[in-house]
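Participant: So here's run_17.txt (compact mmCIF, C-alpha atoms).
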# COMPACT_ATOMS: atom_id res chain seq x y z
CA MET E 738 3.62 12.00 -16.38
CA ALA E 739 2.31 9.42 -14.01
CA THR E 740 5.74 7.94 -13.46
CA ALA E 741 8.31 8.23 -10.67
CA THR E 742 6.00 7.20 -7.89
CA GLY E 743 8.56 8.29 -5.33
CA LEU E 744 8.14 8.52 -1.61
CA GLU E 745 9.41 12.08 -1.64
CA SER E 746 5.96 13.50 -1.00
CA LEU E 747 5.72 11.43 2.17
CA VAL E 748 8.99 12.57 3.76
CA ASP E 749 8.43 14.11 7.21
CA GLN E 750 4.85 12.86 7.11
CA TYR E 751 3.21 10.62 9.64
CA ILE E 752 2.91 7.25 7.96
CA SER E 753 1.69 3.75 8.62
CA VAL E 754 3.78 0.88 7.28
CA ILE E 755 2.43 -2.61 6.77
CA THR E 756 5.27 -5.10 6.73
CA ASN E 757 5.39 -8.50 5.08
CA ASP E 758 5.08 -10.30 8.41
CA GLY E 759 1.76 -8.54 9.04
CA ARG E 760 2.95 -5.85 11.43
CA ASN E 761 1.69 -2.29 11.44
CA ILE E 762 4.33 0.31 12.31
CA VAL E 763 3.55 4.01 12.55
CA GLY E 764 6.03 6.89 12.53
CA TYR E 765 7.55 9.82 10.66
CA LEU E 766 9.22 9.02 7.36
CA LYS E 767 12.70 10.48 7.42
CA GLY E 768 14.26 8.93 4.37
CA PHE E 769 14.01 6.26 1.72
CA ASP E 770 15.90 4.85 -1.25
CA GLN E 771 15.22 3.12 -4.56
CA ALA E 772 14.87 -0.24 -2.86
CA THR E 773 12.15 1.24 -0.65
CA ASN E 774 14.33 0.87 2.46
CA ILE E 775 12.96 3.49 4.84
CA ILE E 776 13.93 5.42 7.93
CA LEU E 777 11.13 5.87 10.42
CA ASP E 778 11.42 8.23 13.39
CA GLU E 779 9.34 8.20 16.59
CA SER E 780 7.95 4.89 15.49
CA HIS E 781 5.69 2.55 17.36
CA GLU E 782 4.11 -0.73 16.49
CA ARG E 783 0.35 -1.11 16.71
CA VAL E 784 -0.57 -4.62 17.72
CA PHE E 785 -4.13 -5.60 16.90
CA SER E 786 -5.85 -8.43 18.72
CA THR E 787 -9.34 -9.81 18.96
CA LYS E 788 -9.15 -10.05 22.72
CA GLU E 789 -7.86 -6.65 23.79
CA GLY E 790 -7.67 -3.18 22.28
CA VAL E 791 -4.77 -2.00 20.15
CA GLN E 792 -1.44 -2.07 21.96
CA GLN E 793 1.31 0.35 21.06
CA HIS E 794 4.95 -0.64 21.48
CA VAL E 795 7.38 2.26 21.25
CA LEU E 796 10.31 1.56 18.92
CA GLY E 797 12.04 4.89 18.29
CA LEU E 798 14.30 5.41 15.27
CA PHE E 799 14.11 2.50 12.87
CA ILE E 800 15.31 1.42 9.45
CA ILE E 801 12.95 -0.98 7.71
CA ARG E 802 14.39 -2.92 4.81
CA GLY E 803 12.48 -2.50 1.57
CA ASP E 804 12.17 -6.26 1.01
CA ASN E 805 9.93 -6.42 4.00
CA ILE E 806 7.60 -3.55 3.15
CA GLY E 807 4.11 -4.02 1.76
CA VAL E 808 2.20 -0.77 2.09
CA ILE E 809 3.15 2.74 3.15
CA GLY E 810 0.06 4.77 4.00
CA GLU E 811 -0.14 8.48 4.65
CA LEU E 812 -1.85 8.89 8.00
CA ASP E 813 -4.32 11.69 8.41
CA GLU E 814 -3.26 12.81 11.91
CA GLU E 815 -6.67 14.26 12.76
CA LEU E 816 -8.52 11.15 11.65
CA ASP E 817 -6.03 9.01 13.46
CA ALA E 818 -6.40 10.96 16.70
CA SER E 819 -10.15 10.47 16.55
CA LEU E 820 -9.80 6.68 16.45
CA ASP E 821 -10.61 4.90 19.67
CA LEU E 822 -7.75 2.41 19.58
CA SER E 823 -8.48 0.92 22.98
CA ASN E 824 -11.81 -0.34 21.71
CA LEU E 825 -10.63 -1.59 18.36
CA ARG E 826 -10.63 -5.35 18.01
CA ALA E 827 -9.29 -7.06 14.93
CA HIS E 828 -7.39 -10.07 13.78
CA PRO E 829 -3.74 -9.30 13.11
CA LEU E 830 -2.90 -8.90 9.44
CA LYS E 831 -1.83 -12.02 7.61
CA PRO E 832 1.78 -12.36 6.49
CA VAL E 833 2.54 -11.90 2.80
CA VAL E 834 2.80 -15.14 0.87
CA HIS E 835 4.61 -14.84 -2.45
CA MET B 367 7.62 -2.34 -19.99
CA LEU B 368 4.24 -3.26 -21.37
CA PHE B 369 2.42 -3.24 -18.07
CA PHE B 370 4.18 -0.10 -16.93
CA SER B 371 2.84 1.68 -20.04
CA TYR B 372 -0.53 0.08 -19.54
CA PHE B 373 -0.82 1.31 -15.96
CA LYS B 374 0.34 4.79 -16.96
CA ASP B 375 -2.68 4.95 -19.25
CA LEU B 376 -4.92 3.89 -16.39
CA VAL B 377 -3.96 6.78 -14.11
CA GLY B 378 -7.08 8.46 -12.78
CA GLN B 379 -9.20 5.32 -12.84
CA GLU B 380 -10.56 3.65 -9.76
CA VAL B 381 -8.92 0.30 -9.13
CA THR B 382 -8.90 -2.28 -6.37
CA VAL B 383 -5.51 -3.70 -5.48
CA GLU B 384 -5.50 -7.10 -3.80
CA LEU B 385 -2.30 -7.84 -1.92
CA LYS B 386 -0.55 -11.09 -1.18
CA ASN B 387 -1.66 -10.86 2.45
CA ASP B 388 -5.29 -10.88 1.27
CA LEU B 389 -5.80 -7.18 2.06
CA ALA B 390 -7.75 -5.39 -0.69
CA ILE B 391 -7.53 -1.61 -1.13
CA ARG B 392 -9.73 0.43 -3.45
CA GLY B 393 -8.60 3.85 -4.65
CA THR B 394 -7.83 6.12 -7.57
CA LEU B 395 -4.65 5.25 -9.40
CA HIS B 396 -2.31 8.20 -8.86
CA SER B 397 0.94 6.89 -10.28
CA VAL B 398 3.00 3.84 -11.09
CA ASP B 399 6.71 3.23 -11.59
CA GLN B 400 9.06 0.80 -13.31
CA TYR B 401 8.74 -1.68 -10.44
CA LEU B 402 4.96 -1.47 -10.77
CA ASN B 403 4.82 0.12 -7.31
CA ILE B 404 1.40 1.76 -7.12
CA LYS B 405 0.29 4.96 -5.45
CA LEU B 406 -3.41 5.18 -4.70
CA GLU B 407 -5.42 8.18 -3.56
CA ASN B 408 -8.69 8.35 -1.68
CA THR B 409 -8.15 4.85 -0.45
CA LYS B 410 -10.65 2.67 1.31
CA VAL B 411 -9.95 -0.84 2.49
CA VAL B 412 -12.50 -3.23 0.99
CA ASP B 413 -13.47 -5.10 4.16
CA GLN B 414 -13.07 -2.32 6.72
CA ASP B 415 -14.47 -4.33 9.62
CA LYS B 416 -12.02 -7.14 9.13
CA TYR B 417 -9.10 -4.78 8.38
CA PRO B 418 -9.40 -1.62 10.48
CA HIS B 419 -5.60 -1.27 10.32
CA MET B 420 -5.77 1.46 7.69
CA LEU B 421 -8.81 3.41 8.83
CA SER B 422 -7.00 6.75 8.94
CA VAL B 423 -5.06 6.27 5.73
CA ARG B 424 -6.31 8.19 2.70
CA ASN B 425 -3.35 7.87 0.30
CA CYS B 426 -0.93 5.01 0.10
CA PHE B 427 2.10 3.61 -1.66
CA ILE B 428 1.90 -0.10 -2.44
CA ARG B 429 5.13 -1.95 -3.19
CA GLY B 430 4.87 -3.80 -6.49
CA SER B 431 6.20 -7.01 -4.98
CA VAL B 432 3.17 -7.44 -2.73
CA VAL B 433 0.49 -7.02 -5.35
CA ARG B 434 -1.50 -10.13 -6.22
CA TYR B 435 -4.20 -8.56 -8.42
CA VAL B 436 -5.18 -5.15 -9.74
CA GLN B 437 -8.92 -5.14 -10.37
CA LEU B 438 -10.02 -2.72 -13.08
CA PRO B 439 -13.32 -1.27 -14.21
CA LYS B 440 -14.79 -3.43 -16.95
CA ASP B 441 -14.55 -0.70 -19.58
CA GLY B 442 -11.26 0.54 -18.26
CA VAL B 443 -9.28 -1.25 -20.88
CA ASP B 444 -9.29 -1.74 -24.62
CA VAL B 445 -8.80 -5.51 -24.60
CA ASP B 446 -7.97 -5.73 -28.30
CA LEU B 447 -5.28 -3.08 -28.04
CA LEU B 448 -3.76 -4.82 -25.04
CA HIS B 449 -3.96 -8.17 -26.79
CA ASP B 450 -2.07 -6.77 -29.80
CA ALA B 451 0.54 -5.13 -27.62
CA ALA B 452 1.08 -8.33 -25.66
CA ARG B 453 1.44 -10.33 -28.84
CA ARG B 454 4.03 -7.88 -30.16
CA GLU B 455 5.93 -7.91 -26.90
CA ALA B 456 5.94 -11.70 -26.79
CA ARG B 457 7.25 -11.88 -30.32
CA GLY B 458 9.89 -9.17 -30.09
CA GLY B 459 10.72 -9.17 -26.37
Let me see whether you can do it: turn the structure in this file into structure tokens.
Facilitator:
Amino acid sequence: MATATGLESLVDQYISVITNDGRNIVGYLKGFDQATNIILDESHERVFSTKEGVQQHVLGLFIIRGDNIGVIGELDEELDASLDLSNLRAHPLKPVVH
Amino acid sequence: MLFFSYFKDLVGQEVTVELKNDLAIRGTLHSVDQYLNIKLENTKVVDQDKYPHMLSVRNCFIRGSVVRYVQLPKDGVDVDLLHDAARREARGG
């Protein structure tokens, strides 16, 4: 059945989280619950700007509350390593407006 | 319940999910749950130049609460069937 779209398959994977305030946080998914609260290990925030390349701020072990989560993407580590982040320019993501 | 059942029938189709932060992601519908959280496979952001934030993401989980629209293929749905189901749900629900 196409039900139970759990995050189980993403545990211990390298993921990219887009939060409701428009931030992009990358790390290893360690745990989650029904409310989509998640535990992210070795996390860092990727700050996009139109003026300079992508900046990475190291955060460490984090819990992100489910209310604040928009998208959880499974990062292809190879693809991700091939990205030239220092030359990537983009507007930061917009915050979610309900 | 109606839309949950409806989306279950759509699994395998290619859809474009537009989020409340204006990001639009196209992909194959993999699964859906009671909260209408959506899992997409083979994802591609619609405007990749404007939103390079998910360039290395191929599969994603989208929280139901951030979805604005789910765009479907024109023949992806039996409109009459859906119309009937909605009418029944409105009457009985």
Participant: Taking only C-alpha atoms into account, produce a table as a Markdown table in which each residue of chain B with an atom at most 6 Å from an atom of chain E appears once, together with its shortest atom pair and the distance in Å to one decimal, ordered by chain and rising number.
Facilitator:
| residue | atom | partner | partner_atom | distance |
| --- | --- | --- | --- | --- |
| B:Lys374 | CA | E:Ala739 | CA | 5.8 |
| B:Lys386 | CA | E:Val833 | CA | 5.1 |
| B:Asn387 | CA | E:Val833 | CA | 4.3 |
| B:Ser397 | CA | E:Ala739 | CA | 4.7 |
| B:Val398 | CA | E:Thr740 | CA | 5.5 |
| B:Asp399 | CA | E:Thr740 | CA | 5.2 |
| B:Ser422 | CA | E:Asp817 | CA | 5.1 |
| B:Val423 | CA | E:Leu812 | CA | 4.7 |
| B:Asn425 | CA | E:Glu811 | CA | 5.4 |
| B:Cys426 | CA | E:Gly810 | CA | 4.0 |
| B:Phe427 | CA | E:Ile809 | CA | 5.0 |
| B:Ile428 | CA | E:Val808 | CA | 4.6 |
| B:Arg429 | CA | E:Gly807 | CA | 5.5 |
| B:Val432 | CA | E:Gly807 | CA | 5.7 |
Participant: With a distance cut-off of 12 Å and only C-alpha atoms, select the neighbouring residues of Ser780 of chain E, excluding the residue or stretch itself and same-chain residues fewer than 3 positions from it, and output the selection as a ChimeraX atom specification.
Facilitator: /E:750-754,761-767,775-777,783,793-801
Participant: Restricting it to C-alpha atoms, dump the selection as a CSV table (one decimal), in the coordinates of the input.
Facilitator:
chain,number,residue,atom,x,y,z
E,750,GLN,CA,4.8,12.9,7.1
E,751,TYR,CA,3.2,10.6,9.6
E,752,ILE,CA,2.9,7.2,8.0
E,753,SER,CA,1.7,3.8,8.6
E,754,VAL,CA,3.8,0.9,7.3
E,761,ASN,CA,1.7,-2.3,11.4
E,762,ILE,CA,4.3,0.3,12.3
E,763,VAL,CA,3.6,4.0,12.6
E,764,GLY,CA,6.0,6.9,12.5
E,765,TYR,CA,7.6,9.8,10.7
E,766,LEU,CA,9.2,9.0,7.4
E,767,LYS,CA,12.7,10.5,7.4
E,775,ILE,CA,13.0,3.5,4.8
E,776,ILE,CA,13.9,5.4,7.9
E,777,LEU,CA,11.1,5.9,10.4
E,783,ARG,CA,0.4,-1.1,16.7
E,793,GLN,CA,1.3,0.4,21.1
E,794,HIS,CA,5.0,-0.6,21.5
E,795,VAL,CA,7.4,2.3,21.2
E,796,LEU,CA,10.3,1.6,18.9
E,797,GLY,CA,12.0,4.9,18.3
E,798,LEU,CA,14.3,5.4,15.3
E,799,PHE,CA,14.1,2.5,12.9
E,800,ILE,CA,15.3,1.4,9.4
E,801,ILE,CA,13.0,-1.0,7.7
Participant: Could you give me the axis-aligned bounding box of segment 390-393 of chain B, with 3 Å of padding per side, as centre plus edge lengths in Å to one decimal, as AutoDock Vina command-line options?
Facilitator:
--center_x -8.6 --center_y -0.8 --center_z -2.7 --size_x 8.2 --size_y 15.2 --size_z 10.0
Participant: Separation of atom CA of His449 of chain B and atom CA of Ile391 of chain B, in Å?
Facilitator: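 We find that atom CA of His449 of chain B and atom CA of Ile391 of chain B lie 26.7 Å from each other.
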Participant: Give me, please, the distance in Å between atom CA of Ile404 of chain B and atom CA of Thr382 of chain B, quoted to one decimal.
Facilitator: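 Going from atom CA of Ile404 of chain B over to atom CA of Thr382 of chain B covers 11.1 Å.
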Participant: If I put a ball of radius 10 Å at (-5.7, -0.6, -12.0) in the file's coordinates, which residues poke into it when counting all atoms listed in the file, written as a short mmCIF file (atom, residue, chain, number, x, y, z; two decimals) with C-alpha atoms, in the coordinates of the input?
Facilitator:
data_model
loop_
_atom_site.label_atom_id
_atom_site.label_comp_id
_atom_site.auth_asym_id
_atom_site.auth_seq_id
_atom_site.Cartn_x
_atom_site.Cartn_y
_atom_site.Cartn_z
CA TYR B 372 -0.53 0.08 -19.54
CA PHE B 373 -0.82 1.31 -15.96
CA LYS B 374 0.34 4.79 -16.96
CA ASP B 375 -2.68 4.95 -19.25
CA LEU B 376 -4.92 3.89 -16.39
CA VAL B 377 -3.96 6.78 -14.11
CA GLY B 378 -7.08 8.46 -12.78
CA GLN B 379 -9.20 5.32 -12.84
CA GLU B 380 -10.56 3.65 -9.76
CA VAL B 381 -8.92 0.30 -9.13
CA THR B 382 -8.90 -2.28 -6.37
CA VAL B 383 -5.51 -3.70 -5.48
CA ARG B 392 -9.73 0.43 -3.45
CA GLY B 393 -8.60 3.85 -4.65
CA THR B 394 -7.83 6.12 -7.57
CA LEU B 395 -4.65 5.25 -9.40
CA HIS B 396 -2.31 8.20 -8.86
CA VAL B 398 3.00 3.84 -11.09
CA ILE B 404 1.40 1.76 -7.12
CA LEU B 406 -3.41 5.18 -4.70
CA TYR B 435 -4.20 -8.56 -8.42
CA VAL B 436 -5.18 -5.15 -9.74
CA GLN B 437 -8.92 -5.14 -10.37
CA LEU B 438 -10.02 -2.72 -13.08
CA PRO B 439 -13.32 -1.27 -14.21
CA GLY B 442 -11.26 0.54 -18.26
CA VAL B 443 -9.28 -1.25 -20.88
#
Participant: For a quick check of understanding, using only C-alpha atoms, which of B:Lys410, B:Arg434, B:Arg457, B:Lys440 has the smallest distance to Glu384 of chain B?
Facilitator: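 Between B:Lys410, B:Arg434, B:Arg457, B:Lys440, the residue approaching Glu384 of chain B most closely is B:Arg434.
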Participant: Please compute the atom CA of Leu402 of chain B-atom CA of Leu448 of chain B distance, one decimal, in Å.
Facilitator: 17.1 Å
Participant: How would you write as a PyMOL selection string the residues that get within 12 Å of (6.3, -5.4, -30.0) in the file's frame, counting only C-alpha atoms?
Facilitator: chain B and resi 367-368+447-459
Participant: Would you kindly return, as a compact mmCIF listing (two decimals) with C-alpha atoms, in the frame of the given file, each protein, DNA or RNA residue with an atom no farther than 6 Å from any atom of Gly430 of chain B, considering all atoms listed in the file and excluding same-chain residues fewer than 3 positions away?
Facilitator:
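Output below, filename out_6.txt:
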# COMPACT_ATOMS: atom_id res chain seq x y z
CA TYR B 401 8.74 -1.68 -10.44
CA LEU B 402 4.96 -1.47 -10.77
CA ASN B 403 4.82 0.12 -7.31
CA VAL B 433 0.49 -7.02 -5.35
